[in-house]
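Asker: Input: one structure, supplied below.
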Amino acid sequence: MGRERNLFPELSERKGGTMSTIAAFYSGKSILITGATGFMGKVLMEKLFRTSPDLKVIYILMRPKAGQTLQQRVFQILNSKLFEKVKEVCPTVHDKIRAIYADLNQNDFAISREDMQELLSCTNIIFHCAATVRFDDPLRHAVQLNVTATQQLLLMASQMPKLEAFIHISTAFSNCNLTHIDEVVYPCPVEPKKIIDSMEWLDDSIIDEITPKLIGDQPNTYTYTKALGEMVVQQESGNLNIAIVRPSIVGATWQEPFPGWVDNLNGPSGLIIAAGKGFLRAIKATPMAVADLIPVDTVVNLTLAVGWYTAVHRPKSTLVYHCTSGNLNPCNWGKMGFQVLATFEKIPFERAFRRPNADFTSNNFMNQYWNAVSHRAPAIIYDFYLRLTGRKPRMTKLMNRLLRTTSMLEYFINRSWEWSTYNTEMLMSELSPEDQRVFNFDVRQLNWLEYIENYVLGIKKYLLKEDMAGIPEAKQHLKRF
Ligand SMILES: CCCCCCCCCCCCCCCCCCCCCCCCCCCCCC(=O)SCCNC(=O)CCNC(=O)[C@H](O)C(C)(C)COP(=O)(O)OP(=O)(O)OC[C@H]1O[C@@H](n2cnc3c(N)ncnc32)[C@H](O)[C@@H]1OP(=O)(O)O
Ligand SMILES: NC(=O)C1=CN([C@@H]2O[C@H](COP(=O)(O)OP(=O)(O)OC[C@H]3O[C@@H](n4cnc5c(N)ncnc54)[C@H](OP(=O)(O)O)[C@@H]3O)[C@@H](O)[C@H]2O)C=CC1
């Protein structure tokens with residue numbers, strides 16, 4: 001008899017141990033996810049299918065995008081590298097996803113009557129991940145998605161007789177105007193309901209005018225509206241079992257389903273590309289400030305554990321869980337930047353504009369100086385060369401965009417925050433040893449140097465889609481500089 005290979009240790013009953021309680025909890029459940037096509041939503045779906053292949057159905061509220069129908073989008077997700085393991089453990093995964101047409105910007109999300117009926121009568125658990133994460137979104141749009149849509153979803157949830165838990169994904173930066181942040185919902189100066197109402201009758205130019213006054217000491221419309229969203233959750237929780245998860249800066253996967261997976265430019269990813277391709281040479285950052293990065297699979301594991309705990313233990317009040325790394329396993333931007341650069345030596349990106357050699361600057365004057373000397377001047381010279389050789393200049397435009405992006409991220413890389421993690425640590429202690437293994441969110445076990453190396457490698461493979469076989473040529477290319 002041939003020896004069976006244990007492809008999915010997370011599913012097996014271990015000798016002398018028991019099966020994961022959390023995985024068993026999700027079996028047979030009907031789960032509704034918003035934002036399932038996003039970075040975190042995809043990893044959440046993947047983990048659910050891999051650890052609870054017997055779940056009944058995942059409803060995903062989604063819209064067609066970029067010329068793709070709902071079915072085409074689902075097909076593309078399921079056929080991606082991220083879902084390779086899932087297809088082995090759950091061959092019926094296609095049948096267990098029910099894509100529901102929904103636009104969270106519309107009244108009742110523009111969901112059809114039949115779909116709404118099914119959602120209301122069948123849903124057991126809701127994970128609300130959808131949001132606009134852009135820092136520069138006009139207030140009206142950010143309020144619509146991050147506040148009004150949350151309010152509407154809560155209203156839907158209150159009409160679901162079988163609902164066991166509603167998990168709202170917020171951000172650890174929703175109160176980044178404070179330096180010490182507890183796991184509580186902080187009140188906003190203006191009531192969310194008033195903001196929602198005013199968006200209905202104020203015109204865009206007035207909203208733009210009053211935006212700075214409304215957001216006050218928040219850095220952008222994103223963090224401001226995420227804070228309002230939390231308040232709505234708190235105020236409209238009614239009899240629902242609700243919890244809020246607050247991740248910090250979400251990065252590539254640490255371990256699951258494999259290290260280094262990432263598929264968007266948010267957070268550090270875009271800047272790592274810009275540095276690796278030689279465009280970004282300097283950035284205003286404080287090397288000693290804590291870089292509160294958290295891997296996306298850690299966030300997902302905590303979120304699933306929170307879903308289980310909220311449904312089964314039904315805490316009396318809405319619990320907030322910080323999913324952060326700074327107080328348990330701190331790493332600073334200096335160390336992180338250094339490791340990013342060290343990884344470029346081993347694993348360079350292809351066709352770099354210049355040799356990667358970025359540095360942190362400490363003050364505004366030096367930052368302006370390096371922007372002129374290391375960013376704008378080379379771009380102008382390169383565009384001149386492109387013009388001379390009959391090609392379309394593009395470097396100045398690209399560089400301006402990069403500098404706009406770095407200026408928006410500066411707020412977050414020049415300060416440190418302290419997030420308390422009592423609830424998250426309490427939850428960890430509530431898990432069985434098997435659940436602590438299968439749904440590991442203990443960030444103390446994370447080795448930053450290894451994580452960053454895998455992150456850079458993941459960016460090269462999954463974002464830039466570069467072949468590892470091209471590394472010698474990429475090294476050769478860098479030697480020419
Ligand atoms: C002591 C020792 C010292 C040693 C020193 C060594 C020094 C070494 C220095 C080395 C440096 C090395 C590298 C750096 C390494 C680390 C430093 C990294 C710092 C990272 C900081 C991150 C901070 C994040 C903080 C987040 C806090 C809040 C967290 C959250 O809750 S929300 C999630 C985060 N949200 C975001 O990140 C969104 C931010 N983005 C935006 O808001 C916007 O994109 C924008 C920045 C405003 C730019 O808008 P634009 O309109 O200008 O551009 P656009 O968005 O249209 O995009 C341009 C093109 O890019 C494409 N694109 C954009 N986003 C995406 C996406 N998500 N996925 C795919 N593609 C995307 C877009 O399509 C455009 O392409 P085109 O259409 O072809 O033009
Ligand atoms: N990434 C990060 O660093 C952090 C994220 N968070 C929070 O985590 C959650 C998930 O973020 P992340 O996955 O990174 O974000 P993404 O931008 O990757 O995903 C956003 C999701 O929301 C959906 N969505 C947006 N607008 C609509 C709409 N009108 N109708 C239907 N769906 C819509 C998007 O759908 P579509 O694909 O159609 O655009 C997408 O599925 C958010 O709540 C965010 O605030 C918190 C801390 C950090």
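Convention: chains lettered A, B, ... in structure tokens order; per-chain residue numbering from 1; ligands numbered from 1 as shown.
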Name the residues in contact with region 73-89 of chain A at a cut-off of 9 Å, using only C-alpha atoms, excluding same-chain residues fewer than 6 positions from it; report them as an MDAnalysis selection string.

Answerer: chainID A and resid 7:8 37 42:43 46:47 49:51 53 64:65 97 99 257:258 261 462

Asker: Give the residue list for ligand 2 at 7 Å, counting only C-alpha atoms and all ligand atoms, as an MDAnalysis selection string, sorted by chain and then by residue number.

Answerer: chainID A and resid 34:41 61:65 102:105 129:133 145 169:172 226 246:251 266:267

Asker: Generate the output file for the selected residues, C-alpha atoms, as a CSV table (one decimal), in the first residue's frame.

Answerer:
```
chain,number,residue,atom,x,y,z
A,34,THR,CA,-18.0,42.1,1.0
A,35,GLY,CA,-14.7,43.1,-0.6
A,36,ALA,CA,-14.0,39.5,-1.5
A,37,THR,CA,-12.2,40.6,-4.7
A,38,GLY,CA,-9.8,42.8,-2.8
A,39,PHE,CA,-6.4,41.9,-1.3
A,40,MET,CA,-7.6,40.8,2.1
A,41,GLY,CA,-10.9,39.4,0.9
A,61,LEU,CA,-21.2,40.9,-3.0
A,62,MET,CA,-19.4,42.2,-6.0
A,63,ARG,CA,-19.6,44.4,-9.1
A,64,PRO,CA,-18.5,43.8,-12.7
A,65,LYS,CA,-15.2,45.6,-13.4
A,102,ALA,CA,-24.0,44.4,-5.7
A,103,ASP,CA,-22.7,48.0,-5.9
A,104,LEU,CA,-22.1,49.3,-2.4
A,105,ASN,CA,-22.5,52.9,-3.7
A,129,CYS,CA,-14.1,44.0,4.2
A,130,ALA,CA,-15.1,46.3,1.3
A,131,ALA,CA,-13.9,49.9,1.6
A,132,THR,CA,-12.2,52.6,-0.4
A,133,VAL,CA,-8.6,52.6,0.8
A,145,LEU,CA,-18.4,53.4,0.9
A,169,ILE,CA,-12.8,45.2,9.2
A,170,SER,CA,-11.5,48.7,10.1
A,171,THR,CA,-7.9,50.0,10.4
A,172,ALA,CA,-5.6,50.5,13.3
A,226,LYS,CA,-13.0,54.5,8.8
A,246,ARG,CA,-8.2,46.8,13.2
A,247,PRO,CA,-5.2,45.7,11.1
A,248,SER,CA,-2.2,48.1,10.8
A,249,ILE,CA,-0.3,48.2,7.5
A,250,VAL,CA,-1.2,45.0,5.7
A,251,GLY,CA,1.6,43.3,3.8
A,266,ASN,CA,-0.9,49.6,-1.5
A,267,GLY,CA,1.2,50.1,1.6
```

Asker: Go through the chains and note each residue within 7 Å of ligand 1, using only C-alpha atoms and all ligand atoms, then give the set as a JSON list (two decimals) with all heavy atoms, in the first residue's frame.

Answerer:
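Contents of part-v4.json, freshly written:
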```json
[["chain", "number", "residue", "atom", "x", "y", "z"],
["A", 133, "VAL", "N", -9.76, 52.38, 0.02],
["A", 133, "VAL", "CA", -8.56, 52.55, 0.85],
["A", 133, "VAL", "C", -7.69, 53.68, 0.30],
["A", 133, "VAL", "O", -6.57, 53.89, 0.78],
["A", 133, "VAL", "CB", -7.73, 51.24, 0.96],
["A", 133, "VAL", "CG1", -8.57, 50.12, 1.55],
["A", 133, "VAL", "CG2", -7.13, 50.82, -0.38],
["A", 134, "ARG", "N", -8.22, 54.41, -0.70],
["A", 134, "ARG", "CA", -7.45, 55.53, -1.25],
["A", 134, "ARG", "C", -7.40, 56.68, -0.24],
["A", 134, "ARG", "O", -8.41, 57.03, 0.36],
["A", 134, "ARG", "CB", -8.10, 56.06, -2.54],
["A", 134, "ARG", "CG", -7.98, 55.17, -3.74],
["A", 134, "ARG", "CD", -8.55, 55.90, -4.95],
["A", 134, "ARG", "NE", -7.67, 57.00, -5.33],
["A", 134, "ARG", "CZ", -6.72, 56.89, -6.25],
["A", 134, "ARG", "NH1", -6.55, 55.77, -6.89],
["A", 134, "ARG", "NH2", -5.96, 57.93, -6.53],
["A", 135, "PHE", "N", -6.21, 57.27, -0.11],
["A", 135, "PHE", "CA", -6.07, 58.37, 0.84],
["A", 135, "PHE", "C", -6.66, 59.68, 0.29],
["A", 135, "PHE", "O", -6.99, 60.57, 1.04],
["A", 135, "PHE", "CB", -4.59, 58.61, 1.17],
["A", 135, "PHE", "CG", -3.94, 57.45, 1.88],
["A", 135, "PHE", "CD1", -2.56, 57.28, 1.84],
["A", 135, "PHE", "CD2", -4.69, 56.54, 2.60],
["A", 135, "PHE", "CE1", -1.96, 56.21, 2.50],
["A", 135, "PHE", "CE2", -4.10, 55.47, 3.26],
["A", 135, "PHE", "CZ", -2.73, 55.31, 3.21],
["A", 136, "ASP", "N", -6.75, 59.76, -1.06],
["A", 136, "ASP", "CA", -7.15, 61.04, -1.65],
["A", 136, "ASP", "C", -8.58, 61.01, -2.20],
["A", 136, "ASP", "O", -8.94, 61.85, -3.00],
["A", 136, "ASP", "CB", -6.17, 61.41, -2.78],
["A", 136, "ASP", "CG", -6.20, 60.39, -3.92],
["A", 136, "ASP", "OD1", -6.72, 59.28, -3.69],
["A", 136, "ASP", "OD2", -5.72, 60.72, -5.01],
["A", 171, "THR", "N", -9.38, 49.83, 10.47],
["A", 171, "THR", "CA", -7.93, 49.98, 10.37],
["A", 171, "THR", "C", -7.40, 50.49, 11.71],
["A", 171, "THR", "O", -8.09, 51.25, 12.41],
["A", 171, "THR", "CB", -7.52, 50.96, 9.24],
["A", 171, "THR", "OG1", -6.15, 51.34, 9.45],
["A", 171, "THR", "CG2", -8.36, 52.22, 9.22],
["A", 172, "ALA", "N", -6.19, 50.06, 12.05],
["A", 172, "ALA", "CA", -5.56, 50.52, 13.29],
["A", 172, "ALA", "C", -5.32, 52.03, 13.24],
["A", 172, "ALA", "O", -5.08, 52.65, 14.27],
["A", 172, "ALA", "CB", -4.25, 49.77, 13.50],
["A", 173, "PHE", "N", -5.39, 52.60, 12.01],
["A", 173, "PHE", "CA", -5.11, 54.04, 11.86],
["A", 173, "PHE", "C", -6.39, 54.89, 11.92],
["A", 173, "PHE", "O", -6.34, 56.08, 11.62],
["A", 173, "PHE", "CB", -4.35, 54.29, 10.56],
["A", 173, "PHE", "CG", -2.96, 53.71, 10.58],
["A", 173, "PHE", "CD1", -2.73, 52.43, 10.10],
["A", 173, "PHE", "CD2", -1.90, 54.40, 11.12],
["A", 173, "PHE", "CE1", -1.46, 51.87, 10.15],
["A", 173, "PHE", "CE2", -0.63, 53.85, 11.18],
["A", 173, "PHE", "CZ", -0.41, 52.58, 10.69],
["A", 248, "SER", "N", -3.05, 46.93, 11.07],
["A", 248, "SER", "CA", -2.23, 48.11, 10.78],
["A", 248, "SER", "C", -1.89, 48.14, 9.29],
["A", 248, "SER", "O", -2.80, 48.12, 8.47],
["A", 248, "SER", "CB", -0.97, 48.14, 11.67],
["A", 248, "SER", "OG", -0.34, 46.88, 11.69],
["A", 249, "ILE", "N", -0.62, 48.14, 8.90],
["A", 249, "ILE", "CA", -0.30, 48.21, 7.46],
["A", 249, "ILE", "C", -0.18, 46.78, 6.94],
["A", 249, "ILE", "O", 0.73, 46.04, 7.32],
["A", 249, "ILE", "CB", 1.03, 48.96, 7.24],
["A", 249, "ILE", "CG1", 0.95, 50.37, 7.84],
["A", 249, "ILE", "CG2", 1.37, 49.02, 5.75],
["A", 249, "ILE", "CD1", 2.29, 51.10, 7.90],
["A", 250, "VAL", "N", -1.13, 46.38, 6.10],
["A", 250, "VAL", "CA", -1.21, 44.97, 5.70],
["A", 250, "VAL", "C", -0.24, 44.68, 4.55],
["A", 250, "VAL", "O", -0.26, 45.35, 3.52],
["A", 250, "VAL", "CB", -2.66, 44.61, 5.31],
["A", 250, "VAL", "CG1", -2.76, 43.13, 4.98],
["A", 250, "VAL", "CG2", -3.62, 44.96, 6.45],
["A", 263, "ASP", "N", -0.84, 41.19, -4.25],
["A", 263, "ASP", "CA", -1.33, 41.49, -5.60],
["A", 263, "ASP", "C", -1.71, 42.94, -5.80],
["A", 263, "ASP", "O", -2.43, 43.26, -6.73],
["A", 263, "ASP", "CB", -2.49, 40.56, -5.98],
["A", 263, "ASP", "CG", -3.81, 41.03, -5.38],
["A", 263, "ASP", "OD1", -3.79, 41.78, -4.39],
["A", 263, "ASP", "OD2", -4.87, 40.63, -5.91],
["A", 264, "ASN", "N", -1.28, 43.83, -4.89],
["A", 264, "ASN", "CA", -1.55, 45.24, -5.18],
["A", 264, "ASN", "C", -0.41, 46.15, -4.69],
["A", 264, "ASN", "O", 0.51, 45.69, -4.02],
["A", 264, "ASN", "CB", -2.92, 45.71, -4.66],
["A", 264, "ASN", "CG", -2.96, 45.80, -3.16],
["A", 264, "ASN", "OD1", -1.98, 46.14, -2.51],
["A", 264, "ASN", "ND2", -4.10, 45.51, -2.59],
["A", 265, "LEU", "N", -0.52, 47.42, -5.06],
["A", 265, "LEU", "CA", 0.59, 48.35, -4.79],
["A", 265, "LEU", "C", 0.42, 49.12, -3.49],
["A", 265, "LEU", "O", 1.22, 49.99, -3.18],
["A", 265, "LEU", "CB", 0.68, 49.36, -5.94],
["A", 265, "LEU", "CG", 0.91, 48.80, -7.33],
["A", 265, "LEU", "CD1", 0.90, 49.91, -8.36],
["A", 265, "LEU", "CD2", 2.23, 48.06, -7.38],
["A", 266, "ASN", "N", -0.61, 48.78, -2.73],
["A", 266, "ASN", "CA", -0.87, 49.56, -1.51],
["A", 266, "ASN", "C", 0.21, 49.35, -0.46],
["A", 266, "ASN", "O", 0.99, 48.41, -0.54],
["A", 266, "ASN", "CB", -2.24, 49.18, -0.93],
["A", 266, "ASN", "CG", -3.36, 49.69, -1.81],
["A", 266, "ASN", "OD1", -3.13, 50.59, -2.62],
["A", 266, "ASN", "ND2", -4.53, 49.13, -1.67],
["A", 267, "GLY", "N", 0.18, 50.24, 0.56],
["A", 267, "GLY", "CA", 1.16, 50.13, 1.65],
["A", 267, "GLY", "C", 2.57, 50.23, 1.10],
["A", 267, "GLY", "O", 2.85, 51.04, 0.21],
["A", 268, "PRO", "N", 3.47, 49.38, 1.60],
["A", 268, "PRO", "CA", 4.87, 49.49, 1.18],
["A", 268, "PRO", "C", 5.15, 48.93, -0.22],
["A", 268, "PRO", "O", 6.18, 49.26, -0.81],
["A", 268, "PRO", "CB", 5.64, 48.63, 2.20],
["A", 268, "PRO", "CG", 4.66, 48.22, 3.22],
["A", 268, "PRO", "CD", 3.30, 48.38, 2.66],
["A", 271, "LEU", "N", 6.15, 51.23, -3.06],
["A", 271, "LEU", "CA", 7.43, 51.92, -2.81],
["A", 271, "LEU", "C", 8.61, 50.95, -2.96],
["A", 271, "LEU", "O", 9.70, 51.35, -3.39],
["A", 271, "LEU", "CB", 7.45, 52.54, -1.42],
["A", 271, "LEU", "CG", 6.56, 53.75, -1.19],
["A", 271, "LEU", "CD1", 6.93, 54.45, 0.10],
["A", 271, "LEU", "CD2", 6.65, 54.75, -2.34],
["A", 272, "ILE", "N", 8.38, 49.69, -2.59],
["A", 272, "ILE", "CA", 9.45, 48.71, -2.75],
["A", 272, "ILE", "C", 9.76, 48.54, -4.25],
["A", 272, "ILE", "O", 10.93, 48.48, -4.65],
["A", 272, "ILE", "CB", 9.08, 47.36, -2.08],
["A", 272, "ILE", "CG1", 9.03, 47.56, -0.55],
["A", 272, "ILE", "CG2", 10.05, 46.25, -2.46],
["A", 272, "ILE", "CD1", 8.56, 46.36, 0.25],
["A", 275, "ALA", "N", 11.67, 51.60, -5.39],
["A", 275, "ALA", "CA", 13.07, 51.59, -4.94],
["A", 275, "ALA", "C", 13.87, 50.54, -5.73],
["A", 275, "ALA", "O", 14.99, 50.80, -6.17],
["A", 275, "ALA", "CB", 13.13, 51.29, -3.45],
["A", 282, "ALA", "N", 15.24, 58.51, -2.45],
["A", 282, "ALA", "CA", 15.22, 59.08, -1.10],
["A", 282, "ALA", "C", 13.78, 59.26, -0.68],
["A", 282, "ALA", "O", 12.90, 59.49, -1.51],
["A", 282, "ALA", "CB", 15.92, 60.43, -1.08],
["A", 287, "PRO", "N", 13.99, 56.62, 10.56],
["A", 287, "PRO", "CA", 14.46, 55.23, 10.66],
["A", 287, "PRO", "C", 14.06, 54.54, 11.96],
["A", 287, "PRO", "O", 13.79, 53.35, 11.96],
["A", 287, "PRO", "CB", 15.98, 55.34, 10.55],
["A", 287, "PRO", "CG", 16.23, 56.66, 9.93],
["A", 287, "PRO", "CD", 15.09, 57.55, 10.28],
["A", 333, "TRP", "N", 11.48, 51.35, 10.59],
["A", 333, "TRP", "CA", 11.60, 51.56, 9.13],
["A", 333, "TRP", "C", 13.04, 51.44, 8.68],
["A", 333, "TRP", "O", 13.31, 50.99, 7.57],
["A", 333, "TRP", "CB", 11.01, 52.92, 8.74],
["A", 333, "TRP", "CG", 9.53, 52.97, 8.84],
["A", 333, "TRP", "CD1", 8.79, 53.71, 9.71],
["A", 333, "TRP", "CD2", 8.58, 52.23, 8.05],
["A", 333, "TRP", "NE1", 7.44, 53.48, 9.53],
["A", 333, "TRP", "CE2", 7.28, 52.58, 8.51],
["A", 333, "TRP", "CE3", 8.69, 51.32, 7.01],
["A", 333, "TRP", "CZ2", 6.12, 52.05, 7.96],
["A", 333, "TRP", "CZ3", 7.52, 50.78, 6.46],
["A", 333, "TRP", "CH2", 6.27, 51.15, 6.93],
["A", 334, "GLY", "N", 14.00, 51.84, 9.55],
["A", 334, "GLY", "CA", 15.42, 51.76, 9.18],
["A", 334, "GLY", "C", 15.82, 50.32, 8.89],
["A", 334, "GLY", "O", 16.40, 50.01, 7.83],
["A", 335, "LYS", "N", 15.47, 49.42, 9.82],
["A", 335, "LYS", "CA", 15.82, 48.01, 9.67],
["A", 335, "LYS", "C", 15.11, 47.41, 8.44],
["A", 335, "LYS", "O", 15.70, 46.66, 7.66],
["A", 335, "LYS", "CB", 15.38, 47.28, 10.95],
["A", 335, "LYS", "CG", 15.93, 45.88, 11.08],
["A", 335, "LYS", "CD", 15.60, 45.36, 12.48],
["A", 335, "LYS", "CE", 15.75, 43.85, 12.51],
["A", 335, "LYS", "NZ", 15.18, 43.24, 13.70],
["A", 336, "MET", "N", 13.87, 47.81, 8.28],
["A", 336, "MET", "CA", 13.10, 47.28, 7.16],
["A", 336, "MET", "C", 13.68, 47.74, 5.82],
["A", 336, "MET", "O", 13.87, 46.95, 4.90],
["A", 336, "MET", "CB", 11.66, 47.74, 7.29],
["A", 336, "MET", "CG", 10.69, 46.68, 6.89],
["A", 336, "MET", "SD", 9.05, 47.10, 7.42],
["A", 336, "MET", "CE", 8.88, 46.07, 8.86],
["A", 337, "GLY", "N", 13.97, 49.06, 5.75],
["A", 337, "GLY", "CA", 14.54, 49.60, 4.51],
["A", 337, "GLY", "C", 15.87, 48.94, 4.19],
["A", 337, "GLY", "O", 16.16, 48.60, 3.03],
["A", 338, "PHE", "N", 16.67, 48.75, 5.22],
["A", 338, "PHE", "CA", 17.99, 48.14, 5.05],
["A", 338, "PHE", "C", 17.84, 46.72, 4.47],
["A", 338, "PHE", "O", 18.55, 46.33, 3.54],
["A", 338, "PHE", "CB", 18.67, 48.08, 6.43],
["A", 338, "PHE", "CG", 20.14, 47.85, 6.35],
["A", 338, "PHE", "CD1", 21.01, 48.89, 6.06],
["A", 338, "PHE", "CD2", 20.67, 46.58, 6.55],
["A", 338, "PHE", "CE1", 22.37, 48.67, 5.98],
["A", 338, "PHE", "CE2", 22.03, 46.35, 6.47],
["A", 338, "PHE", "CZ", 22.88, 47.41, 6.19],
["A", 340, "VAL", "N", 15.28, 45.55, 2.80],
["A", 340, "VAL", "CA", 14.75, 45.63, 1.43],
["A", 340, "VAL", "C", 15.92, 45.81, 0.46],
["A", 340, "VAL", "O", 16.05, 45.08, -0.54],
["A", 340, "VAL", "CB", 13.74, 46.80, 1.30],
["A", 340, "VAL", "CG1", 13.39, 47.06, -0.16],
["A", 340, "VAL", "CG2", 12.48, 46.51, 2.09],
["A", 341, "LEU", "N", 16.82, 46.74, 0.80],
["A", 341, "LEU", "CA", 17.96, 47.01, -0.09],
["A", 341, "LEU", "C", 18.88, 45.79, -0.17],
["A", 341, "LEU", "O", 19.40, 45.46, -1.25],
["A", 341, "LEU", "CB", 18.75, 48.23, 0.39],
["A", 341, "LEU", "CG", 18.03, 49.58, 0.29],
["A", 341, "LEU", "CD1", 18.93, 50.71, 0.76],
["A", 341, "LEU", "CD2", 17.55, 49.85, -1.13],
["A", 358, "ALA", "N", 18.29, 53.59, -2.25],
["A", 358, "ALA", "CA", 17.45, 54.61, -1.61],
["A", 358, "ALA", "C", 17.96, 54.92, -0.21],
["A", 358, "ALA", "O", 18.64, 54.12, 0.39],
["A", 358, "ALA", "CB", 16.02, 54.13, -1.55],
["A", 359, "ASP", "N", 17.62, 56.10, 0.26],
["A", 359, "ASP", "CA", 18.05, 56.51, 1.60],
["A", 359, "ASP", "C", 16.91, 57.26, 2.28],
["A", 359, "ASP", "O", 16.05, 57.83, 1.61],
["A", 359, "ASP", "CB", 19.28, 57.42, 1.48],
["A", 359, "ASP", "CG", 20.15, 57.31, 2.74],
["A", 359, "ASP", "OD1", 19.66, 56.72, 3.72],
["A", 359, "ASP", "OD2", 21.27, 57.82, 2.72],
["A", 360, "PHE", "N", 16.93, 57.27, 3.60],
["A", 360, "PHE", "CA", 15.94, 58.04, 4.33],
["A", 360, "PHE", "C", 16.47, 59.45, 4.60],
["A", 360, "PHE", "O", 17.63, 59.60, 4.99],
["A", 360, "PHE", "CB", 15.63, 57.39, 5.68],
["A", 360, "PHE", "CG", 14.90, 56.07, 5.56],
["A", 360, "PHE", "CD1", 15.14, 55.04, 6.45],
["A", 360, "PHE", "CD2", 13.96, 55.86, 4.57],
["A", 360, "PHE", "CE1", 14.46, 53.83, 6.35],
["A", 360, "PHE", "CE2", 13.27, 54.66, 4.46],
["A", 360, "PHE", "CZ", 13.53, 53.64, 5.35],
["A", 401, "ARG", "N", 4.16, 61.45, -10.08],
["A", 401, "ARG", "CA", 3.19, 60.56, -9.45],
["A", 401, "ARG", "C", 3.81, 59.88, -8.22],
["A", 401, "ARG", "O", 3.18, 59.77, -7.17],
["A", 401, "ARG", "CB", 2.77, 59.51, -10.46],
["A", 401, "ARG", "CG", 1.37, 59.10, -10.29],
["A", 401, "ARG", "CD", 0.89, 58.38, -11.51],
["A", 401, "ARG", "NE", -0.56, 58.36, -11.50],
["A", 401, "ARG", "CZ", -1.28, 57.85, -12.45],
["A", 401, "ARG", "NH1", -0.70, 57.33, -13.52],
["A", 401, "ARG", "NH2", -2.59, 57.83, -12.36],
["A", 404, "ARG", "N", 4.11, 62.32, -5.40],
["A", 404, "ARG", "CA", 2.80, 62.56, -4.79],
["A", 404, "ARG", "C", 2.46, 61.41, -3.83],
["A", 404, "ARG", "O", 2.00, 61.62, -2.71],
["A", 404, "ARG", "CB", 1.73, 62.66, -5.88],
["A", 404, "ARG", "CG", 0.44, 63.26, -5.42],
["A", 404, "ARG", "CD", -0.47, 63.52, -6.62],
["A", 404, "ARG", "NE", -1.48, 62.50, -6.76],
["A", 404, "ARG", "CZ", -2.64, 62.50, -6.10],
["A", 404, "ARG", "NH1", -2.90, 63.46, -5.25],
["A", 404, "ARG", "NH2", -3.54, 61.56, -6.28],
["A", 405, "THR", "N", 2.76, 60.20, -4.28],
["A", 405, "THR", "CA", 2.48, 59.03, -3.43],
["A", 405, "THR", "C", 3.33, 59.07, -2.16],
["A", 405, "THR", "O", 2.81, 58.88, -1.06],
["A", 405, "THR", "CB", 2.76, 57.72, -4.21],
["A", 405, "THR", "OG1", 1.90, 57.70, -5.35],
["A", 405, "THR", "CG2", 2.50, 56.50, -3.36],
["A", 408, "MET", "N", 2.08, 61.39, 0.39],
["A", 408, "MET", "CA", 0.86, 60.95, 1.09],
["A", 408, "MET", "C", 1.18, 59.90, 2.15],
["A", 408, "MET", "O", 0.44, 59.76, 3.13],
["A", 408, "MET", "CB", -0.11, 60.33, 0.10],
["A", 408, "MET", "CG", -0.65, 61.33, -0.86],
["A", 408, "MET", "SD", -2.40, 61.10, -1.03],
["A", 408, "MET", "CE", -2.78, 62.46, -2.07],
["A", 409, "LEU", "N", 2.25, 59.13, 1.93],
["A", 409, "LEU", "CA", 2.58, 58.06, 2.88],
["A", 409, "LEU", "C", 3.44, 58.58, 4.03],
["A", 409, "LEU", "O", 3.57, 57.92, 5.06],
["A", 409, "LEU", "CB", 3.29, 56.90, 2.17],
["A", 409, "LEU", "CG", 2.49, 56.19, 1.08],
["A", 409, "LEU", "CD1", 3.28, 55.04, 0.48],
["A", 409, "LEU", "CD2", 1.17, 55.65, 1.62],
["A", 412, "PHE", "N", 2.71, 58.40, 7.76],
["A", 412, "PHE", "CA", 2.72, 57.11, 8.43],
["A", 412, "PHE", "C", 4.13, 56.56, 8.68],
["A", 412, "PHE", "O", 4.28, 55.56, 9.38],
["A", 412, "PHE", "CB", 1.91, 56.09, 7.62],
["A", 412, "PHE", "CG", 0.48, 56.52, 7.42],
["A", 412, "PHE", "CD1", 0.08, 57.19, 6.26],
["A", 412, "PHE", "CD2", -0.46, 56.31, 8.40],
["A", 412, "PHE", "CE1", -1.22, 57.61, 6.09],
["A", 412, "PHE", "CE2", -1.77, 56.73, 8.25],
["A", 412, "PHE", "CZ", -2.15, 57.38, 7.08],
["A", 413, "ILE", "N", 5.14, 57.17, 8.08],
["A", 413, "ILE", "CA", 6.49, 56.62, 8.26],
["A", 413, "ILE", "C", 7.40, 57.57, 9.04],
["A", 413, "ILE", "O", 8.60, 57.38, 9.11],
["A", 413, "ILE", "CB", 7.14, 56.24, 6.89],
["A", 413, "ILE", "CG1", 7.00, 57.35, 5.85],
["A", 413, "ILE", "CG2", 6.57, 54.96, 6.37],
["A", 413, "ILE", "CD1", 7.54, 56.96, 4.49]]
```

Asker: So, counting only C-alpha atoms, which residue among A:Val320, A:Phe344, A:Leu398, A:Tyr385 is closest to Asn423 (chain A)?

Answerer: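 When distances to Asn423 (chain A) are compared using only C-alpha atoms, the smallest one comes from A:Val320.
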
Asker: Just the helix (DSSP H, G or I) stuff from region 151-295 of chain A, please, per backbone DSSP, written as a PyMOL selection string.

Answerer: chain A and resi 151-157+172-175+192-201+204-215+221-235+269-276

Asker: Out of region 308-394 of chain A, which residues get strand (DSSP E or B) from DSSP, as a list in words?

Answerer: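 DSSP on the backbone gives strand (DSSP E or B) at Leu319, Val320, Tyr321, His322, Cys323, Asn332, Asp359, Phe360 and Thr361 of chain A.
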
Asker: Find the residue from A:Val190, A:Ala285, A:Val147, A:Met160 that sits nearest to Asn414 (chain A); use only C-alpha atoms when measuring.

Answerer: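 Among the listed residues, the smallest separation from Asn414 (chain A) belongs to A:Ala285.
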